[in-house]
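Enquirer: My file is upload.txt. It has compact mmCIF, C-alpha atoms:
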```
# COMPACT_ATOMS: atom_id res chain seq x y z
CA MET A 1 0.00 0.00 0.00
CA GLN A 2 1.36 3.41 -0.98
CA LYS A 3 2.06 5.71 1.94
CA LEU A 4 0.83 9.28 2.23
CA THR A 5 2.97 12.26 1.33
CA ALA A 6 3.12 15.56 3.17
CA ILE A 7 1.61 17.32 0.12
CA GLN A 8 -1.33 14.89 0.01
CA VAL A 9 -2.02 15.45 3.68
CA ASP A 10 -1.86 19.22 3.31
CA LYS A 11 -4.12 19.39 0.22
CA ALA A 12 -6.65 16.81 1.36
CA LYS A 13 -10.16 18.26 1.30
CA PRO A 14 -13.21 17.11 3.27
CA ALA A 15 -16.25 15.73 1.50
CA ASP A 16 -19.93 15.55 2.33
CA LYS A 17 -19.24 12.37 4.28
CA PRO A 18 -16.30 11.42 6.51
CA ARG A 19 -13.44 9.69 4.69
CA LYS A 20 -10.04 8.20 5.47
CA LEU A 21 -6.62 8.61 3.88
CA THR A 22 -4.69 5.47 4.85
CA ASP A 23 -0.96 5.49 5.58
CA GLY A 24 -0.63 1.81 6.43
CA ARG A 25 -0.61 -0.53 9.45
CA GLY A 26 -3.77 1.00 10.87
CA LEU A 27 -2.67 4.66 10.69
CA TYR A 28 -4.91 7.03 8.74
CA LEU A 29 -5.95 10.66 8.40
CA TYR A 30 -9.64 11.05 9.18
CA LEU A 31 -11.28 13.88 7.18
CA HIS A 32 -14.40 15.25 8.83
CA PRO A 33 -17.06 17.16 6.84
CA ASN A 34 -16.51 20.14 9.18
CA GLY A 35 -12.98 20.51 7.79
CA GLY A 36 -11.08 18.87 10.62
CA LYS A 37 -8.19 16.46 9.94
CA TYR A 38 -7.52 13.88 12.64
CA TRP A 39 -4.74 11.29 12.90
CA ARG A 40 -6.02 7.95 14.14
CA TYR A 41 -4.75 4.41 14.61
CA ASP A 42 -7.07 1.41 14.62
CA TYR A 43 -5.84 -1.59 16.63
CA SER A 44 -7.06 -4.63 18.50
CA ILE A 45 -6.15 -5.58 22.05
CA SER A 46 -7.63 -8.34 24.23
CA GLY A 47 -9.94 -9.16 21.36
CA LYS A 48 -11.44 -5.67 21.27
CA ARG A 49 -11.33 -3.26 18.33
CA LYS A 50 -10.18 0.19 19.46
CA THR A 51 -9.07 3.53 18.01
CA PHE A 52 -6.13 5.57 19.27
CA SER A 53 -6.42 9.34 18.72
CA ILE A 54 -2.99 10.71 17.89
CA GLY A 55 -3.76 14.36 17.24
CA THR A 56 -5.05 16.98 14.83
CA TYR A 57 -3.38 18.15 11.63
CA PRO A 58 -1.56 20.54 11.24
CA ASP A 59 -0.69 20.54 14.97
CA VAL A 60 0.60 17.03 14.44
CA GLY A 61 2.41 16.62 11.13
CA LEU A 62 2.84 13.45 9.09
CA ALA A 63 6.28 12.58 10.48
CA ASP A 64 5.18 13.11 14.10
CA ALA A 65 2.01 11.09 13.52
CA ARG A 66 4.11 8.18 12.26
CA LEU A 67 6.39 8.34 15.32
CA GLN A 68 3.42 8.25 17.70
CA HIS A 69 1.82 5.51 15.62
CA GLN A 70 4.99 3.41 15.88
CA ALA A 71 5.13 3.91 19.68
CA ALA A 72 1.47 2.87 19.93
CA ARG A 73 2.09 -0.27 17.83
CA GLU A 74 5.00 -1.23 20.08
CA ALA A 75 2.77 -0.80 23.13
CA VAL A 76 0.16 -3.10 21.58
CA ALA A 77 2.87 -5.65 20.83
CA ARG A 78 3.76 -5.61 24.53
CA GLY A 79 0.12 -6.17 25.41
CA GLU A 80 -0.39 -2.58 26.58
CA ASP A 81 -3.26 -0.37 25.52
CA PRO A 82 -1.90 2.94 24.03
CA THR A 83 -5.17 4.73 24.72
CA GLU A 84 -4.99 3.79 28.38
CA LEU A 85 -1.31 4.75 28.54
CA LYS A 86 -2.15 8.17 27.11
CA ARG A 87 -4.93 8.64 29.66
CA LEU A 88 -2.61 7.72 32.54
CA LYS A 89 0.08 10.10 31.26
CA ARG A 90 -2.41 12.96 31.11
CA LEU A 91 -3.64 12.12 34.61
CA THR A 92 -0.07 12.08 35.92
CA GLN A 93 0.61 15.45 34.33
CA ASN A 94 -2.53 16.89 35.89
CA ILE A 95 -1.54 15.57 39.31
CA ALA A 96 1.95 17.01 38.90
CA ALA A 97 0.46 20.38 37.93
CA GLY A 98 -1.62 20.24 41.09
CA GLU A 99 1.46 19.65 43.22
CA THR A 100 3.27 22.87 42.41
CA PHE A 101 3.82 25.32 45.23
CA GLU A 102 1.34 27.79 43.73
CA ALA A 103 -1.39 25.17 43.26
CA ILE A 104 -1.05 23.86 46.80
CA ALA A 105 -0.74 27.38 48.25
CA THR A 106 -3.96 28.35 46.47
CA GLU A 107 -5.70 25.25 47.81
CA TRP A 108 -4.39 25.93 51.32
CA PHE A 109 -5.44 29.58 51.16
CA GLU A 110 -9.02 28.71 50.14
CA THR A 111 -9.43 26.27 53.04
CA HIS A 112 -7.22 27.59 55.82
CA MET A 113 -7.81 31.33 55.36
CA ALA A 114 -11.55 31.27 54.77
CA ASP A 115 -12.37 32.31 58.35
CA LYS A 116 -9.61 34.88 58.78
CA SER A 117 -10.11 38.64 58.75
CA GLU A 118 -10.16 40.38 55.38
CA SER A 119 -7.06 42.43 56.20
CA TYR A 120 -5.09 39.32 57.18
CA ARG A 121 -6.24 37.47 54.06
CA SER A 122 -5.28 40.38 51.81
CA ARG A 123 -1.85 40.79 53.39
CA SER A 124 -1.10 37.07 53.12
CA LEU A 125 -2.30 36.83 49.52
CA ARG A 126 -0.19 39.84 48.57
CA ILE A 127 2.94 38.17 49.98
CA LEU A 128 2.16 34.94 48.16
CA LYS A 129 1.61 36.62 44.80
CA LYS A 130 4.39 39.20 45.03
CA ASP A 131 7.15 37.41 46.91
CA LEU A 132 6.63 33.64 46.77
CA PHE A 133 4.87 32.66 43.53
CA PRO A 134 7.39 34.28 41.14
CA PRO A 135 10.41 32.26 42.41
CA LEU A 136 8.63 29.16 43.78
CA GLY A 137 5.16 28.99 42.26
CA ARG A 138 5.84 26.61 39.36
CA ARG A 139 8.13 24.32 41.33
CA PRO A 140 6.79 20.93 42.46
CA VAL A 141 6.76 20.99 46.26
CA SER A 142 8.57 17.65 46.32
CA ALA A 143 11.52 19.29 44.55
CA LEU A 144 11.85 22.27 46.90
CA ALA A 145 14.84 22.30 49.24
CA GLU A 146 16.05 24.65 51.96
CA PRO A 147 18.62 26.58 49.84
CA GLU A 148 16.06 27.41 47.13
CA ILE A 149 13.45 28.61 49.62
CA LEU A 150 16.02 30.60 51.57
CA LEU A 151 17.24 32.27 48.37
CA ALA A 152 13.67 33.47 47.67
CA LEU A 153 13.34 34.73 51.25
CA ARG A 154 16.67 36.56 51.03
CA VAL A 155 15.29 38.65 48.17
CA VAL A 156 12.38 39.72 50.39
CA GLU A 157 14.72 40.26 53.34
CA ARG A 158 16.71 42.84 51.38
CA ARG A 159 13.51 44.86 51.10
CA THR A 160 12.07 44.30 54.56
CA VAL A 161 12.99 41.83 57.31
CA ASP A 162 9.49 41.78 58.76
CA ILE A 163 7.84 40.69 55.48
CA ALA A 164 10.59 38.10 54.97
CA HIS A 165 9.63 36.46 58.25
CA ARG A 166 5.95 36.55 57.31
CA ALA A 167 6.79 35.02 53.92
CA CYS A 168 8.77 32.30 55.69
CA GLN A 169 5.84 31.55 57.96
CA LEU A 170 3.43 31.35 55.01
CA THR A 171 5.80 29.05 53.12
CA SER A 172 6.06 26.74 56.11
CA GLN A 173 2.27 26.65 56.52
CA VAL A 174 1.73 25.81 52.85
CA LEU A 175 4.33 23.04 52.89
CA ALA A 176 2.97 21.68 56.18
CA TYR A 177 -0.41 21.45 54.44
CA ALA A 178 1.25 19.65 51.51
CA ARG A 179 2.79 17.15 53.93
CA ILE A 180 -0.47 16.57 55.80
CA THR A 181 -2.32 15.96 52.51
CA GLY A 182 0.24 13.37 51.45
CA ARG A 183 2.09 15.33 48.79
CA LEU A 184 5.29 15.95 50.70
CA GLU A 185 7.29 13.80 53.09
CA ARG A 186 9.21 16.56 54.89
CA ASN A 187 8.68 20.30 55.31
CA PRO A 188 11.95 22.01 54.19
CA ALA A 189 10.78 25.43 55.44
CA VAL A 190 10.81 24.44 59.12
CA GLY A 191 13.48 26.39 60.97
CA LEU A 192 14.40 28.66 58.04
CA SER A 193 13.42 31.77 60.01
CA LYS A 194 16.56 31.22 62.10
CA ALA A 195 18.63 31.95 58.99
CA LEU A 196 16.94 35.34 58.51
CA LYS A 197 17.84 38.57 60.23
CA ARG A 198 15.99 39.07 63.49
CA THR A 199 13.00 41.39 63.46
CA LYS A 200 12.99 44.37 65.75
CA VAL A 201 10.35 44.27 68.47
CA ARG A 202 7.93 47.08 67.72
CA HIS A 203 6.11 48.80 70.54
CA TYR A 204 3.32 51.15 69.57
CA PRO A 205 3.72 54.60 71.14
CA ALA A 206 1.18 55.22 73.89
CA LEU A 207 0.28 57.89 76.44
CA THR A 208 0.26 56.37 79.90
CA ASP A 209 0.74 59.49 82.02
CA PRO A 210 -2.63 60.99 83.13
CA LYS A 211 -1.46 64.52 82.25
CA ASP A 212 -0.65 63.49 78.67
CA LEU A 213 -3.86 61.50 78.42
CA ARG A 214 -5.87 64.53 79.59
CA ARG A 215 -4.26 66.65 76.89
CA LEU A 216 -5.30 64.06 74.30
CA LEU A 217 -8.87 63.90 75.61
CA LEU A 218 -9.27 67.68 75.54
CA ALA A 219 -7.86 67.85 72.03
CA ALA A 220 -10.21 65.08 70.85
CA GLN A 221 -13.16 66.99 72.31
CA ASP A 222 -12.20 70.10 70.35
CA TYR A 223 -11.47 68.31 67.05
CA ARG A 224 -13.25 70.15 64.23
CA GLY A 225 -12.67 67.74 61.37
CA LEU A 226 -15.23 65.37 59.83
CA GLY A 227 -17.88 64.48 62.37
CA VAL A 228 -17.60 60.77 61.71
CA VAL A 229 -13.83 60.90 62.32
CA ALA A 230 -14.26 62.94 65.50
CA ILE A 231 -16.61 60.31 66.94
CA ALA A 232 -14.37 57.45 65.80
CA LEU A 233 -11.39 59.10 67.51
CA ARG A 234 -13.21 59.49 70.83
CA LEU A 235 -14.67 55.97 70.65
CA SER A 236 -11.22 54.55 69.85
CA ILE A 237 -9.86 56.03 73.09
CA LEU A 238 -12.90 54.87 75.01
CA LEU A 239 -12.91 51.24 73.80
CA PHE A 240 -9.20 50.74 72.89
CA GLN A 241 -9.93 48.05 70.31
CA ARG A 242 -7.93 47.40 67.14
CA PRO A 243 -8.13 50.35 64.70
CA GLY A 244 -9.34 48.15 61.85
CA GLU A 245 -12.18 46.83 63.98
CA ILE A 246 -13.26 50.31 65.09
CA ARG A 247 -13.45 51.69 61.56
CA THR A 248 -15.34 48.62 60.22
CA MET A 249 -17.82 48.53 63.11
CA ARG A 250 -21.31 47.71 61.79
CA TRP A 251 -24.68 48.63 63.19
CA ASP A 252 -25.84 45.00 63.20
CA GLU A 253 -23.05 44.26 65.68
CA ILE A 254 -24.42 46.71 68.26
CA ASP A 255 -26.75 45.23 70.86
CA ILE A 256 -28.54 48.36 72.05
CA GLU A 257 -30.56 46.55 74.73
CA LYS A 258 -27.51 45.01 76.42
CA SER A 259 -25.09 47.86 75.54
CA ARG A 260 -22.63 45.53 73.87
CA TRP A 261 -20.63 45.38 70.66
CA VAL A 262 -20.59 41.77 69.45
CA ARG A 263 -18.14 40.92 66.67
CA ALA A 264 -18.10 37.63 64.79
CA SER A 265 -14.83 35.72 64.47
CA VAL A 266 -14.49 36.62 60.77
CA ASN A 267 -13.70 40.18 61.88
CA GLN A 268 -11.30 39.18 64.61
CA LYS A 269 -7.54 38.74 64.38
CA SER A 270 -7.85 36.30 67.26
CA ASN A 271 -10.31 34.23 65.19
CA ARG A 272 -12.88 34.16 68.02
CA ASP A 273 -16.15 35.95 68.66
CA HIS A 274 -15.66 38.93 70.95
CA ILE A 275 -17.95 41.03 73.15
CA THR A 276 -17.05 44.58 74.09
CA PRO A 277 -19.22 46.06 76.86
CA LEU A 278 -20.26 49.60 75.92
CA PRO A 279 -20.26 52.17 78.74
CA LEU A 280 -22.86 54.94 78.80
CA GLN A 281 -20.43 57.38 77.16
CA ALA A 282 -19.92 54.98 74.23
CA MET A 283 -23.67 54.61 73.75
CA GLU A 284 -23.97 58.41 73.59
CA LEU A 285 -21.28 58.59 70.92
CA LEU A 286 -23.01 55.89 68.88
CA GLU A 287 -26.24 57.87 69.08
CA GLN A 288 -24.38 60.85 67.62
CA ALA A 289 -22.88 58.63 64.89
CA LYS A 290 -26.36 57.81 63.56
CA HIS A 291 -26.53 61.34 62.19
CA PHE A 292 -23.57 60.63 59.87
CA SER A 293 -24.19 57.00 58.95
CA SER A 294 -27.84 57.00 57.87
CA GLY A 295 -28.25 54.47 55.06
CA SER A 296 -24.95 52.69 55.76
CA GLU A 297 -24.29 49.35 57.39
CA TYR A 298 -21.15 50.89 58.89
CA VAL A 299 -21.12 53.06 62.01
CA PHE A 300 -18.29 55.05 60.42
CA PRO A 301 -18.92 55.15 56.66
CA ASN A 302 -16.42 56.45 54.13
CA ALA A 303 -16.77 60.07 53.07
CA ARG A 304 -16.64 58.96 49.42
CA GLY A 305 -19.41 56.41 49.69
CA LYS A 306 -21.44 54.88 52.49
CA SER A 307 -21.04 51.37 51.11
CA ARG A 308 -17.46 51.34 52.43
CA PRO A 309 -16.07 51.89 55.94
CA MET A 310 -14.02 54.90 56.95
CA SER A 311 -10.44 55.03 55.66
CA ASP A 312 -7.79 53.51 57.91
CA ASN A 313 -6.05 56.91 57.82
CA GLY A 314 -9.00 58.76 59.37
CA VAL A 315 -8.16 58.58 63.07
CA ARG A 316 -4.41 58.63 62.40
CA THR A 317 -4.73 61.86 60.40
CA ALA A 318 -6.90 63.39 63.13
CA LEU A 319 -4.16 62.74 65.69
CA ARG A 320 -1.56 64.44 63.49
CA THR A 321 -3.92 67.37 62.91
CA LEU A 322 -4.26 67.77 66.68
CA GLY A 323 -0.47 67.91 67.02
CA PHE A 324 0.22 64.36 68.27
CA ASP A 325 3.22 63.03 66.37
CA LYS A 326 3.45 59.37 65.31
CA ASP A 327 6.24 58.89 67.87
CA VAL A 328 3.92 60.06 70.64
CA ILE A 329 0.68 58.18 69.95
CA CYS A 330 -0.96 56.16 67.19
CA PRO A 331 -4.42 54.55 66.97
CA HIS A 332 -3.02 51.13 67.90
CA GLY A 333 -1.33 52.72 70.92
CA PHE A 334 -4.73 53.27 72.56
CA ARG A 335 -4.68 49.56 73.41
CA ALA A 336 -1.42 49.80 75.37
CA MET A 337 -2.67 52.99 76.95
CA GLY A 338 -5.87 51.37 78.22
CA ARG A 339 -4.10 48.21 79.34
CA THR A 340 -1.42 50.09 81.31
CA ILE A 341 -3.68 52.56 83.09
CA LEU A 342 -6.36 49.99 83.92
CA GLU A 343 -3.80 47.73 85.53
CA GLU A 344 -1.41 50.20 87.14
CA ARG A 345 -3.75 53.00 88.23
CA LEU A 346 -7.23 51.49 88.37
CA LYS A 347 -5.91 48.15 89.69
CA TYR A 348 -7.86 45.78 87.48
CA ARG A 349 -6.71 42.19 86.98
CA SER A 350 -4.73 41.53 83.82
CA VAL A 351 -7.03 38.67 82.79
CA LEU A 352 -9.96 41.10 82.50
CA ILE A 353 -7.91 43.56 80.48
CA GLU A 354 -6.49 40.92 78.14
CA LEU A 355 -9.96 39.54 77.48
CA GLN A 356 -11.21 43.06 76.86
CA ILE A 357 -8.62 43.71 74.13
CA ALA A 358 -9.42 40.33 72.53
CA HIS A 359 -6.16 38.60 73.39
CA LYS A 360 -6.27 34.85 73.87
CA VAL A 361 -6.25 34.12 77.59
CA LYS A 362 -6.22 30.63 79.11
CA ASP A 363 -7.59 29.52 82.44
CA PRO A 364 -5.47 27.50 84.93
CA MET A 365 -6.54 24.31 83.15
CA GLY A 366 -5.13 25.56 79.84
CA ASP A 367 -8.49 26.10 78.12
CA THR A 368 -9.12 29.38 76.31
CA TYR A 369 -11.78 31.53 77.95
CA ASN A 370 -14.93 31.88 75.89
CA ARG A 371 -16.31 35.21 74.70
CA THR A 372 -18.63 35.71 77.69
CA ALA A 373 -15.93 35.13 80.29
CA PHE A 374 -16.10 37.70 83.13
CA ILE A 375 -18.59 39.75 81.12
CA ASP A 376 -20.10 41.37 84.22
CA GLU A 377 -16.68 42.29 85.59
CA ARG A 378 -15.59 43.65 82.22
CA THR A 379 -18.78 45.68 81.93
CA GLU A 380 -18.06 47.30 85.29
CA MET A 381 -14.41 47.84 84.32
CA MET A 382 -15.30 49.60 81.06
CA GLN A 383 -17.73 51.92 82.81
CA THR A 384 -15.05 52.74 85.40
CA TRP A 385 -12.59 53.45 82.58
CA ALA A 386 -15.06 55.79 80.84
CA ASP A 387 -15.78 57.61 84.11
CA TYR A 388 -12.04 57.92 84.75
CA LEU A 389 -11.60 59.59 81.36
CA ASP A 390 -14.43 62.02 82.13
CA ALA A 391 -12.82 62.82 85.48
CA LEU A 392 -9.50 63.56 83.76
CA ILE A 393 -11.21 66.06 81.50
CA GLY A 394 -12.92 67.72 84.43
CA GLU A 395 -9.85 68.34 86.54
CA ASP A 396 -6.12 68.72 85.96
CA PRO A 397 -4.26 65.76 87.63
CA ALA A 398 -1.31 68.09 88.26
CA GLU A 399 -3.38 70.18 90.65
```
Now, as a test, write the supplied structure out as structure tokens.
Expert:
Amino acid sequence: MQKLTAIQVDKAKPADKPRKLTDGRGLYLYLHPNGGKYWRYDYSISGKRKTFSIGTYPDVGLADARLQHQAAREAVARGEDPTELKRLKRLTQNIAAGETFEAIATEWFETHMADKSESYRSRSLRILKKDLFPPLGRRPVSALAEPEILLALRVVERRTVDIAHRACQLTSQVLAYARITGRLERNPAVGLSKALKRTKVRHYPALTDPKDLRRLLLAAQDYRGLGVVAIALRLSILLFQRPGEIRTMRWDEIDIEKSRWVRASVNQKSNRDHITPLPLQAMELLEQAKHFSSGSEYVFPNARGKSRPMSDNGVRTALRTLGFDKDVICPHGFRAMGRTILEERLKYRSVLIELQIAHKVKDPMGDTYNRTAFIDERTEMMQTWADYLDALIGEDPAE
């Protein structure tokens, strides 16, 4: 039988019905009425007639089709089914593609980070996409070794040591997930943080002297900026919660009847529900906030649109406007301020204060306290704190 030529294959035209151009030994070019040209090989194995699809012309040329046809014939001679071998190869390739660092990191992120705060999710995803996927993303996790991971982290370290440590932690978490799910025998990222430069311990500036605190309170009272920012500033001092949680406070989280602010775990860095008792002064401020947030789900809506919360620069900018430099006080510093004064001057137990600022606190048995722990004591403590702040405004502690 005469074999096909490259010119015959190229000029072959479809007809009204499917037809075959035979090349010999079961290999042929199948011409479909729709214009498609398909290389196929008919063979028999285990008494069954089967067809092996080699590829489409011109993606697969005549010479390549013959090579694949020969490999398929050899497989049949060995008693192996070429169609099944092709399926297994494709499956193996798909599995391998799913075992790259980027694929596993994406899988880990979707499962592990689903219940984390939006800010934490965004920060972690940014590190993955910017710092880890470019050097490591396409690498199979089974091929990753300490020197390669460390080299990627060194690049980040040259920019910022803090982010390098976060990137190292994320890498270790992703590879730990790969190991747990059976795609890695050993986590090469464990202990790599010891090879990085040490991070500097950062303490947020805070005002813990009553005279300085009084000056802040008086300035906050006289703030003439946006009304929503003025209220957020005063409430931040009063409740000393995380800045991101203050600015994203929603009306459906406020229990007016019980005077409580109840946040779901999705909004909490600590990944637990949290209750903040609201003193009378806080309830008064929230009543004032209604004037600015009508039609918004947020207590402190954004000036550019009520569908978004207030900018994270709002309270910080107000402090600078009032003359409080970033080295003196920042919104996050209100937490240290409240913790220090409540313990040192108002003599409250640290466990109450730590629970109030949503830190994880364990009882003597090692179990983490639930969200309602010491709620009555914390309610009394927060009212005492609010009254203390009012008293500071009313009289100069230096007198």
Enquirer: Taking into account all atoms listed in the file, which residue in the set A:Gly36, A:Ala12, A:Ser350, A:Ser142 is nearest to Glu185 in chain A?
Expert: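 Smallest separation from Glu185 in chain A among the options: A:Ser142.
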Enquirer: Could you work out how far CA of Asn313 in chain A lies from CA of Arg335 in chain A, giving the answer in Å with one decimal?
Expert: 17.3 Å
Enquirer: Enter the distance from CA of Lys37 in chain A to CA of Tyr57 in chain A, in Å, rounded to one decimal.
Expert: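 Answer for the CA of Lys37 in chain A to CA of Tyr57 in chain A separation: 5.4 Å.
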Enquirer: For the atom pair CA of Thr171 in chain A and CA of Arg90 in chain A, what is the interatomic distance in Å to one decimal place?
Expert: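 CA of Thr171 in chain A sits 28.5 Å away from CA of Arg90 in chain A.
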Enquirer: So which residues touch Asp23 in chain A within 10 Å, counting all atoms listed in the file, skipping near sequence neighbours fewer than 6 positions away, as a PyMOL selection string?
Expert: chain A and resi 1-5+29+41+62+66
Enquirer: Counting all atoms listed in the file, which of A:Ala176, A:Ala318, A:Val190, A:Val155 gets nearest to His112 in chain A?
Expert: A:Ala176
Enquirer: With all atoms listed in the file as the atoms that count, which of A:Ala373, A:Ala358, A:Ile231, A:Val328 lies nearest to Asp209 in chain A?
Expert: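 Ranking A:Ala373, A:Ala358, A:Ile231, A:Val328 by distance to Asp209 in chain A, first place goes to A:Val328.
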Enquirer: From the set A:Ala391, A:Leu85, A:Leu128, A:Met310, which residue has the shortest atom-to-atom contact distance to Pro243 in chain A, counting only C-alpha atoms?
Expert: A:Met310
Enquirer: Fewer than 4 positions away in the same chain doesn't count, so skip those; otherwise give me all residues within 9 Å of Arg25 in chain A, counting all atoms listed in the file, as a PyMOL selection string.
Expert: chain A and resi 41-43+69+73
Enquirer: I need the residue nearest Leu216 in chain A from this list: A:Glu344, A:Leu184, A:Ser293, A:Arg234. Use all atoms listed in the file for the distance.
Expert: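 Answer, going by the shortest atom-to-atom distance: A:Arg234.
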Enquirer: My list of candidates is A:Gln241, A:Thr248, A:Thr340, A:Gln288. Which is closest to Phe300 in chain A when distances are computed with all atoms listed in the file?
Expert: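 Result for the nearest residue to Phe300 in chain A: A:Thr248.
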Enquirer: Working from the structure I just supplied, which lacks atoms in range 221-238 of chain A, can you model N, CA and C atoms there and output them as an mmCIF file, in the frame of the given file?
Expert:
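After the write, selection.cif holds the following:
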```cif
data_model
loop_
_atom_site.group_PDB
_atom_site.id
_atom_site.type_symbol
_atom_site.label_atom_id
_atom_site.label_comp_id
_atom_site.auth_asym_id
_atom_site.auth_seq_id
_atom_site.Cartn_x
_atom_site.Cartn_y
_atom_site.Cartn_z
ATOM 1 N N GLN A 221 -11.887 66.301 72.129
ATOM 2 C CA GLN A 221 -13.160 66.990 72.310
ATOM 3 C C GLN A 221 -13.293 68.195 71.395
ATOM 4 N N ASP A 222 -12.183 68.864 71.144
ATOM 5 C CA ASP A 222 -12.200 70.100 70.350
ATOM 6 C C ASP A 222 -11.942 69.862 68.867
ATOM 7 N N TYR A 223 -11.776 68.595 68.450
ATOM 8 C CA TYR A 223 -11.470 68.310 67.050
ATOM 9 C C TYR A 223 -12.603 68.803 66.157
ATOM 10 N N ARG A 224 -12.246 69.535 65.103
ATOM 11 C CA ARG A 224 -13.250 70.150 64.230
ATOM 12 C C ARG A 224 -13.237 69.559 62.819
ATOM 13 N N GLY A 225 -12.687 68.384 62.678
ATOM 14 C CA GLY A 225 -12.670 67.740 61.370
ATOM 15 C C GLY A 225 -13.998 67.070 61.076
ATOM 16 N N LEU A 226 -14.011 66.087 60.166
ATOM 17 C CA LEU A 226 -15.230 65.370 59.830
ATOM 18 C C LEU A 226 -15.869 64.782 61.085
ATOM 19 N N GLY A 227 -17.189 64.952 61.179
ATOM 20 C CA GLY A 227 -17.880 64.480 62.370
ATOM 21 C C GLY A 227 -17.711 63.003 62.617
ATOM 22 N N VAL A 228 -17.725 62.202 61.547
ATOM 23 C CA VAL A 228 -17.600 60.770 61.710
ATOM 24 C C VAL A 228 -16.217 60.404 62.248
ATOM 25 N N VAL A 229 -15.184 61.153 61.843
ATOM 26 C CA VAL A 229 -13.830 60.900 62.320
ATOM 27 C C VAL A 229 -13.700 61.324 63.779
ATOM 28 N N ALA A 230 -14.318 62.448 64.123
ATOM 29 C CA ALA A 230 -14.260 62.940 65.500
ATOM 30 C C ALA A 230 -14.845 61.917 66.470
ATOM 31 N N ILE A 231 -15.972 61.310 66.077
ATOM 32 C CA ILE A 231 -16.610 60.310 66.940
ATOM 33 C C ILE A 231 -15.766 59.045 66.993
ATOM 34 N N ALA A 232 -15.213 58.637 65.849
ATOM 35 C CA ALA A 232 -14.370 57.450 65.800
ATOM 36 C C ALA A 232 -13.132 57.625 66.675
ATOM 37 N N LEU A 233 -12.562 58.818 66.682
ATOM 38 C CA LEU A 233 -11.390 59.100 67.510
ATOM 39 C C LEU A 233 -11.731 58.935 68.988
ATOM 40 N N ARG A 234 -12.821 59.552 69.412
ATOM 41 C CA ARG A 234 -13.210 59.490 70.830
ATOM 42 C C ARG A 234 -13.593 58.059 71.234
ATOM 43 N N LEU A 235 -14.277 57.339 70.335
ATOM 44 C CA LEU A 235 -14.670 55.970 70.650
ATOM 45 C C LEU A 235 -13.454 55.053 70.678
ATOM 46 N N SER A 236 -12.452 55.345 69.858
ATOM 47 C CA SER A 236 -11.220 54.550 69.850
ATOM 48 C C SER A 236 -10.516 54.637 71.208
ATOM 49 N N ILE A 237 -10.475 55.837 71.769
ATOM 50 C CA ILE A 237 -9.860 56.030 73.090
ATOM 51 C C ILE A 237 -10.688 55.332 74.159
ATOM 52 N N LEU A 238 -11.993 55.404 74.009
ATOM 53 C CA LEU A 238 -12.900 54.870 75.010
ATOM 54 C C LEU A 238 -12.902 53.340 75.051
#
```
